[in-house]
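What follows is coords24.cif (mmCIF, C-alpha atoms).
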data_start
#
loop_
_atom_site.group_PDB
_atom_site.id
_atom_site.type_symbol
_atom_site.label_atom_id
_atom_site.label_comp_id
_atom_site.auth_asym_id
_atom_site.auth_seq_id
_atom_site.Cartn_x
_atom_site.Cartn_y
_atom_site.Cartn_z
ATOM 1 C CA MET A 1 14.787 -4.309 39.672
ATOM 2 C CA ALA A 2 17.360 -1.804 40.913
ATOM 3 C CA VAL A 3 20.608 -1.696 42.843
ATOM 4 C CA PHE A 4 21.344 1.307 45.048
ATOM 5 C CA ASP A 5 24.987 1.880 45.759
ATOM 6 C CA ASN A 6 25.973 2.261 49.378
ATOM 7 C CA ASN A 7 26.161 6.018 49.403
ATOM 8 C CA VAL A 8 22.598 6.257 48.153
ATOM 9 C CA LEU A 9 21.584 3.983 51.010
ATOM 10 C CA LEU A 10 23.658 5.961 53.524
ATOM 11 C CA GLN A 11 22.220 9.197 52.234
ATOM 12 C CA ALA A 12 18.687 7.844 52.541
ATOM 13 C CA MET A 13 19.465 6.710 56.056
ATOM 14 C CA SER A 14 20.778 10.148 57.032
ATOM 15 C CA ASN A 15 18.245 12.337 55.261
ATOM 16 C CA ALA A 16 14.776 11.072 54.470
ATOM 17 C CA ASN A 17 13.880 14.301 52.692
ATOM 18 C CA GLY A 18 16.432 14.277 49.878
ATOM 19 C CA PRO A 19 16.354 12.440 46.553
ATOM 20 C CA ALA A 20 17.981 9.315 48.005
ATOM 21 C CA GLY A 21 15.416 9.331 50.807
ATOM 22 C CA ALA A 22 12.667 9.594 48.200
ATOM 23 C CA CYS A 23 14.141 6.609 46.346
ATOM 24 C CA MET A 24 14.063 4.596 49.574
ATOM 25 C CA GLN A 25 10.471 5.669 50.120
ATOM 26 C CA ALA A 26 9.658 4.391 46.631
ATOM 27 C CA VAL A 27 11.108 1.035 47.668
ATOM 28 C CA ARG A 28 8.893 1.054 50.740
ATOM 29 C CA GLU A 29 5.877 1.779 48.574
ATOM 30 C CA GLY A 30 6.733 -1.043 46.205
ATOM 31 C CA ARG A 31 7.382 1.275 43.268
ATOM 32 C CA ILE A 32 10.993 0.094 43.054
ATOM 33 C CA ARG A 33 12.132 -3.501 43.494
ATOM 34 C CA LEU A 34 15.488 -3.351 45.213
ATOM 35 C CA CYS A 35 18.146 -6.017 45.447
ATOM 36 C CA VAL A 36 21.098 -6.271 47.813
ATOM 37 C CA GLY A 37 24.129 -8.501 48.199
ATOM 38 C CA ARG A 38 26.331 -9.606 51.056
ATOM 39 C CA ASP A 39 29.372 -7.602 49.968
ATOM 40 C CA LEU A 40 27.286 -4.482 49.537
ATOM 41 C CA LEU A 41 25.746 -4.772 52.993
ATOM 42 C CA ALA A 42 29.083 -5.616 54.594
ATOM 43 C CA GLU A 43 30.562 -2.419 53.153
ATOM 44 C CA PHE A 44 27.477 -0.464 54.189
ATOM 45 C CA GLU A 45 27.980 -1.625 57.748
ATOM 46 C CA ALA A 46 31.677 -0.755 57.659
ATOM 47 C CA VAL A 47 31.141 2.755 56.290
ATOM 48 C CA ALA A 48 28.332 3.470 58.738
ATOM 49 C CA ALA A 49 30.711 2.605 61.582
ATOM 50 C CA ARG A 50 33.423 5.062 60.491
ATOM 51 C CA PRO A 51 34.198 7.416 63.379
ATOM 52 C CA LEU A 52 33.662 10.619 61.408
ATOM 53 C CA LEU A 53 30.214 9.485 60.257
ATOM 54 C CA VAL A 54 29.278 8.297 63.706
ATOM 55 C CA ARG A 55 30.358 11.617 65.198
ATOM 56 C CA LYS A 56 28.993 13.945 62.532
ATOM 57 C CA LEU A 57 25.716 12.161 61.815
ATOM 58 C CA ARG A 58 25.199 10.525 65.193
ATOM 59 C CA LEU A 59 24.909 7.145 63.569
ATOM 60 C CA THR A 60 24.224 4.415 66.070
ATOM 61 C CA GLU A 61 24.567 0.671 65.834
ATOM 62 C CA THR A 62 20.845 0.362 66.503
ATOM 63 C CA GLY A 63 19.947 2.831 63.768
ATOM 64 C CA THR A 64 22.160 1.069 61.266
ATOM 65 C CA ALA A 65 20.837 -2.322 62.320
ATOM 66 C CA ARG A 66 17.251 -1.165 61.958
ATOM 67 C CA PHE A 67 17.939 0.240 58.513
ATOM 68 C CA ILE A 68 19.611 -2.972 57.346
ATOM 69 C CA THR A 69 16.845 -5.044 58.857
ATOM 70 C CA GLU A 70 14.321 -3.078 56.854
ATOM 71 C CA LEU A 71 16.458 -3.394 53.733
ATOM 72 C CA LEU A 72 16.548 -7.138 54.164
ATOM 73 C CA ALA A 73 12.803 -7.227 54.567
ATOM 74 C CA LEU A 74 12.157 -5.092 51.504
ATOM 75 C CA ALA A 75 14.896 -6.129 49.125
ATOM 76 C CA GLU A 76 15.790 -9.339 47.409
ATOM 77 C CA MET A 77 19.063 -10.856 48.525
ATOM 78 C CA ILE A 78 21.100 -11.984 45.538
ATOM 79 C CA ASP A 79 23.490 -14.810 46.268
ATOM 80 C CA PRO A 80 25.833 -15.783 44.798
ATOM 81 C CA VAL A 81 27.088 -12.771 42.871
ATOM 82 C CA PRO A 82 29.527 -13.967 40.217
ATOM 83 C CA SER A 83 32.347 -11.658 39.216
ATOM 84 C CA VAL A 84 31.800 -10.640 35.616
ATOM 85 C CA PHE A 85 33.184 -7.095 35.492
ATOM 86 C CA THR A 86 36.005 -5.119 37.084
ATOM 87 C CA HIS A 87 35.908 -1.353 37.358
ATOM 88 C CA PRO A 88 39.367 -0.118 36.364
ATOM 89 C CA ILE A 89 39.418 2.978 38.586
ATOM 90 C CA ASP A 90 37.597 1.775 41.667
ATOM 91 C CA PRO A 91 37.541 -2.019 41.941
ATOM 92 C CA LYS A 92 35.078 -1.793 44.842
ATOM 93 C CA ASP A 93 32.468 -0.403 42.472
ATOM 94 C CA THR A 94 32.692 -3.746 40.765
ATOM 95 C CA MET A 95 30.415 -5.319 43.378
ATOM 96 C CA VAL A 96 27.607 -2.953 42.435
ATOM 97 C CA VAL A 97 27.854 -3.855 38.753
ATOM 98 C CA ASN A 98 28.195 -7.562 39.438
ATOM 99 C CA LEU A 99 25.184 -7.452 41.751
ATOM 100 C CA ALA A 100 23.094 -5.707 39.091
ATOM 101 C CA VAL A 101 24.120 -8.272 36.477
ATOM 102 C CA ALA A 102 23.421 -11.228 38.796
ATOM 103 C CA ALA A 103 20.016 -9.798 39.706
ATOM 104 C CA GLY A 104 19.072 -8.969 36.142
ATOM 105 C CA ALA A 105 18.566 -5.397 37.349
ATOM 106 C CA HIS A 106 17.912 -2.650 34.875
ATOM 107 C CA VAL A 107 19.048 0.261 37.017
ATOM 108 C CA ILE A 108 22.044 1.106 39.170
ATOM 109 C CA THR A 109 21.425 4.206 41.243
ATOM 110 C CA SER A 110 24.483 6.106 42.341
ATOM 111 C CA ARG A 111 26.084 9.522 42.651
ATOM 112 C CA ASP A 112 29.568 8.036 42.518
ATOM 113 C CA ARG A 113 31.433 9.616 39.632
ATOM 114 C CA HIS A 114 33.299 6.385 38.979
ATOM 115 C CA LEU A 115 30.037 4.496 38.509
ATOM 116 C CA LEU A 116 28.426 7.321 36.562
ATOM 117 C CA SER A 117 31.422 7.260 34.201
ATOM 118 C CA LEU A 118 30.208 3.858 33.032
ATOM 119 C CA ARG A 119 27.562 5.592 30.945
ATOM 120 C CA ASP A 120 30.204 7.502 29.047
ATOM 121 C CA PRO A 121 31.111 5.577 25.890
ATOM 122 C CA THR A 122 34.152 7.780 25.324
ATOM 123 C CA VAL A 123 36.009 6.170 28.242
ATOM 124 C CA PRO A 124 37.176 2.551 27.895
ATOM 125 C CA ALA A 125 35.323 1.285 30.989
ATOM 126 C CA GLY A 126 32.115 2.948 29.824
ATOM 127 C CA LEU A 127 32.459 1.488 26.382
ATOM 128 C CA GLU A 128 33.004 -2.002 27.784
ATOM 129 C CA PHE A 129 30.139 -1.652 30.260
ATOM 130 C CA MET A 130 27.682 -0.361 27.671
ATOM 131 C CA SER A 131 28.589 -2.958 25.098
ATOM 132 C CA ARG A 132 28.305 -5.856 27.560
ATOM 133 C CA PHE A 133 25.550 -4.620 29.877
ATOM 134 C CA GLY A 134 23.592 -2.175 27.809
ATOM 135 C CA PHE A 135 20.401 -3.272 29.552
ATOM 136 C CA ILE A 136 21.588 -1.614 32.781
ATOM 137 C CA GLU A 137 21.201 2.130 33.166
ATOM 138 C CA VAL A 138 23.272 4.039 35.700
ATOM 139 C CA LEU A 139 21.072 6.798 37.093
ATOM 140 C CA THR A 140 21.480 9.340 39.851
ATOM 141 C CA PRO A 141 18.723 9.357 42.485
ATOM 142 C CA VAL A 142 17.202 12.459 40.876
ATOM 143 C CA GLU A 143 17.205 10.798 37.471
ATOM 144 C CA LEU A 144 15.575 7.684 38.899
ATOM 145 C CA LEU A 145 12.863 9.783 40.534
ATOM 146 C CA ASN A 146 12.257 11.619 37.262
ATOM 147 C CA ARG A 147 11.965 8.267 35.524
ATOM 148 C CA LEU A 148 9.424 7.077 38.088
ATOM 149 C CA SER A 149 7.353 10.217 37.810
ATOM 150 C CA SER A 150 7.217 9.933 34.029
ATOM 151 C CA GLU A 151 5.980 6.334 34.083
ATOM 152 C CA MET B 1 13.377 -20.493 47.053
ATOM 153 C CA PRO B 2 9.752 -19.774 47.967
ATOM 154 C CA PRO B 3 9.055 -16.692 50.094
ATOM 155 C CA LEU B 4 9.519 -17.313 53.779
ATOM 156 C CA LYS B 5 6.707 -16.740 56.204
ATOM 157 C CA ALA B 6 7.576 -14.230 58.872
ATOM 158 C CA HIS B 7 6.100 -11.578 61.054
ATOM 159 C CA PHE B 8 7.284 -8.542 62.965
ATOM 160 C CA ASP B 9 6.918 -9.087 66.692
ATOM 161 C CA GLY B 10 7.350 -5.462 67.661
ATOM 162 C CA HIS B 11 11.069 -5.851 68.148
ATOM 163 C CA SER B 12 12.411 -8.159 65.489
ATOM 164 C CA ILE B 13 11.395 -10.044 62.424
ATOM 165 C CA VAL B 14 10.676 -13.614 63.377
ATOM 166 C CA LEU B 15 10.509 -16.434 60.939
ATOM 167 C CA ASP B 16 7.459 -18.623 61.184
ATOM 168 C CA GLU B 17 9.326 -21.667 59.979
ATOM 169 C CA PRO B 18 12.893 -22.970 60.200
ATOM 170 C CA ALA B 19 15.226 -21.805 57.481
ATOM 171 C CA VAL B 20 18.868 -21.989 56.606
ATOM 172 C CA LEU B 21 20.809 -18.781 57.054
ATOM 173 C CA ALA B 22 22.093 -17.337 53.832
ATOM 174 C CA VAL B 23 23.677 -14.040 54.702
ATOM 175 C CA GLY B 24 27.301 -13.304 55.472
ATOM 176 C CA GLN B 25 28.785 -12.909 58.891
ATOM 177 C CA ALA B 26 29.105 -9.154 58.569
ATOM 178 C CA VAL B 27 25.397 -8.786 58.170
ATOM 179 C CA ARG B 28 24.445 -11.337 60.756
ATOM 180 C CA VAL B 29 26.467 -9.473 63.351
ATOM 181 C CA ILE B 30 24.606 -6.242 63.047
ATOM 182 C CA VAL B 31 21.024 -7.258 62.492
ATOM 183 C CA GLU B 32 19.048 -7.427 65.654
ATOM 184 C CA PRO B 33 18.457 -10.682 67.492
ATOM 185 C CA LYS B 34 16.117 -12.898 65.517
ATOM 186 C CA ALA B 35 16.076 -10.389 62.670
ATOM 187 C CA LEU B 36 17.633 -12.986 60.482
ATOM 188 C CA ALA B 37 18.922 -12.587 57.056
ATOM 189 C CA GLU B 38 16.304 -14.815 55.728
ATOM 190 C CA LEU B 39 14.143 -11.781 55.973
ATOM 191 C CA SER B 40 15.253 -11.241 52.457
ATOM 192 C CA GLY B 41 12.315 -12.533 50.525
ATOM 193 C CA ALA B 42 10.297 -13.024 53.681
ATOM 194 C CA GLU B 43 6.606 -12.389 53.263
ATOM 195 C CA LEU B 44 5.690 -9.743 55.785
ATOM 196 C CA SER B 45 2.268 -8.245 56.024
ATOM 197 C CA GLU B 46 1.716 -4.603 55.106
ATOM 198 C CA ALA B 47 1.143 -3.858 58.766
ATOM 199 C CA ASP B 48 4.435 -5.518 59.702
ATOM 200 C CA LEU B 49 6.306 -3.542 57.055
ATOM 201 C CA ALA B 50 4.699 -0.300 58.157
ATOM 202 C CA GLU B 51 5.662 -0.983 61.754
ATOM 203 C CA LEU B 52 9.187 -1.897 60.709
ATOM 204 C CA ALA B 53 9.457 1.364 58.756
ATOM 205 C CA ARG B 54 8.144 3.339 61.700
ATOM 206 C CA ARG B 55 10.700 1.806 64.034
ATOM 207 C CA THR B 56 13.506 2.362 61.541
ATOM 208 C CA ASP B 57 12.569 6.027 61.292
ATOM 209 C CA GLU B 58 12.387 6.247 65.055
ATOM 210 C CA ALA B 59 15.867 4.732 65.479
ATOM 211 C CA LEU B 60 17.265 7.107 62.854
ATOM 212 C CA LYS B 61 15.722 10.211 64.347
ATOM 213 C CA PRO B 62 18.967 11.350 66.071
ATOM 214 C CA THR B 63 20.880 10.918 62.819
ATOM 215 C CA ARG B 64 18.353 12.843 60.779
ATOM 216 C CA GLU B 65 18.229 15.590 63.370
ATOM 217 C CA ALA B 66 22.029 15.750 63.386
ATOM 218 C CA PHE B 67 22.022 16.123 59.624
ATOM 219 C CA ALA B 68 19.376 18.847 59.760
ATOM 220 C CA ALA B 69 21.360 20.697 62.434
ATOM 221 C CA SER B 70 24.637 20.366 60.533
ATOM 222 C CA GLY B 71 23.648 22.921 57.908
ATOM 223 C CA MET B 72 24.851 20.591 55.170
ATOM 224 C CA THR B 73 22.861 20.436 51.973
ATOM 225 C CA ASP B 74 21.863 17.052 50.610
ATOM 226 C CA HIS B 75 24.536 17.500 47.938
ATOM 227 C CA GLU B 76 27.177 18.160 50.588
ATOM 228 C CA LEU B 77 25.999 15.103 52.498
ATOM 229 C CA ALA B 78 26.401 12.987 49.372
ATOM 230 C CA GLU B 79 29.908 14.301 48.762
ATOM 231 C CA PHE B 80 30.856 13.756 52.402
ATOM 232 C CA LEU B 81 29.693 10.149 52.175
ATOM 233 C CA GLU B 82 31.538 9.588 48.898
ATOM 234 C CA VAL B 83 34.778 10.908 50.375
ATOM 235 C CA GLU B 84 34.432 8.734 53.479
ATOM 236 C CA THR B 85 33.604 5.609 51.502
ATOM 237 C CA HIS B 86 36.492 6.103 49.146
ATOM 238 C CA ALA B 87 38.860 6.846 52.025
ATOM 239 C CA MET B 88 37.921 3.484 53.486
ATOM 240 C CA ARG B 89 38.487 1.844 50.124
ATOM 241 C CA GLY B 90 41.818 3.603 49.698
ATOM 242 C CA VAL B 91 40.671 5.112 46.413
ATOM 243 C CA PRO B 92 41.140 8.880 45.895
ATOM 244 C CA TYR B 93 37.911 10.795 45.459
ATOM 245 C CA ALA B 94 38.038 14.549 45.130
ATOM 246 C CA PRO B 95 34.819 16.191 46.330
ATOM 247 C CA GLU B 96 32.997 18.544 44.016
ATOM 248 C CA LEU B 97 32.813 22.180 44.983
ATOM 249 C CA PRO B 98 30.002 22.839 47.443
ATOM 250 C CA ARG B 99 26.706 23.490 45.738
ATOM 251 C CA ARG B 100 23.721 25.156 47.321
ATOM 252 C CA GLU B 101 20.435 23.473 46.547
#
How does the structure come out when it is put into structure tokens?
Amino acid sequence: MAVFDNNVLLQAMSNANGPAGACMQAVREGRIRLCVGRDLLAEFEAVAARPLLVRKLRLTETGTARFITELLALAEMIDPVPSVFTHPIDPKDTMVVNLAVAAGAHVITSRDRHLLSLRDPTVPAGLEFMSRFGFIEVLTPVELLNRLSSE
Amino acid sequence: MPPLKAHFDGHSIVLDEPAVLAVGQAVRVIVEPKALAELSGAELSEADLAELARRTDEALKPTREAFAASGMTDHELAEFLEVETHAMRGVPYAPELPRRE
């Protein structure tokens, strides 16, 4: 079970040929079990509607709706998502961690440096995360793909 | 909750049986009519999923073409998205230097 952070999802939506797009394809093929939560999808919708994204990437409401519809069909909706962790630098990243914990996920996939810092035991947040949730790995899309190809 | 029975009718995912909605308002607003949140965990056939994927790709074609025409690398796209997301959150996020891939 895996959680993709919103930028991985947005990247997959915008470019099917990159690593994030390949991760989404793996979900489609059933090689990754994905989970989503309400807060995550609400933020996804909000970011996808930002004027600069809409203008630069020609995002449309229909395109975003189709993508979320497919996500809902493919992924497991986790609800409720109890709050068990707070990211000290970016509190919004907290929802990704809490979703992974609630789902019993083993992987968070992200390129966000704040989330990736959670695998660094030399920073306090990383130390807390690893000691409490050591069963969850934070992997970039490329690292997740490498993991899949080695299995 | 047991998997819900549903099918793709060519436009939306339609539940085959009544169900209680379980997804937040923000999501319900943007999913297409009848494409209810209960799709999460819905049992769709492989053909339905393939058709859903095809239609998603079709709807995203302008976006993917815009990305291809932008000249951005995938790395630059990722950084652009990170900056935008963090701007919305009100959390500073300095982009990495551009990297050619």
May I have the residues of chain A within 6 Å of chain B, counting all atoms listed in the file, written as a PyMOL selection string? chain A and resi 14-15+38+42+57-59+63+65-67+69+72-73+76-77
**Q.** Residues in the PyMOL selection byres ((chain A and resi 137) around 8), expressed as a ChimeraX atom specification
**A.** /A:106-108,119,134-136,138-139
Problem set entry | 10 Å contact set for region 1-5 of chain A, all atoms listed in the file, chain neighbours under 6 positions out, as a PyMOL selection string | chain A and resi 20+23-24+27+31-37+40-41+44+75-76+93+95-97+99-101+103-112+115+136-141+144
> In Å, how far is it from CA of Ala22 (chain A) to CA of Leu145 (chain A)?
Replying inline: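 Straight-line distance from CA of Ala22 (chain A) to CA of Leu145 (chain A) works out to 7.7 Å.
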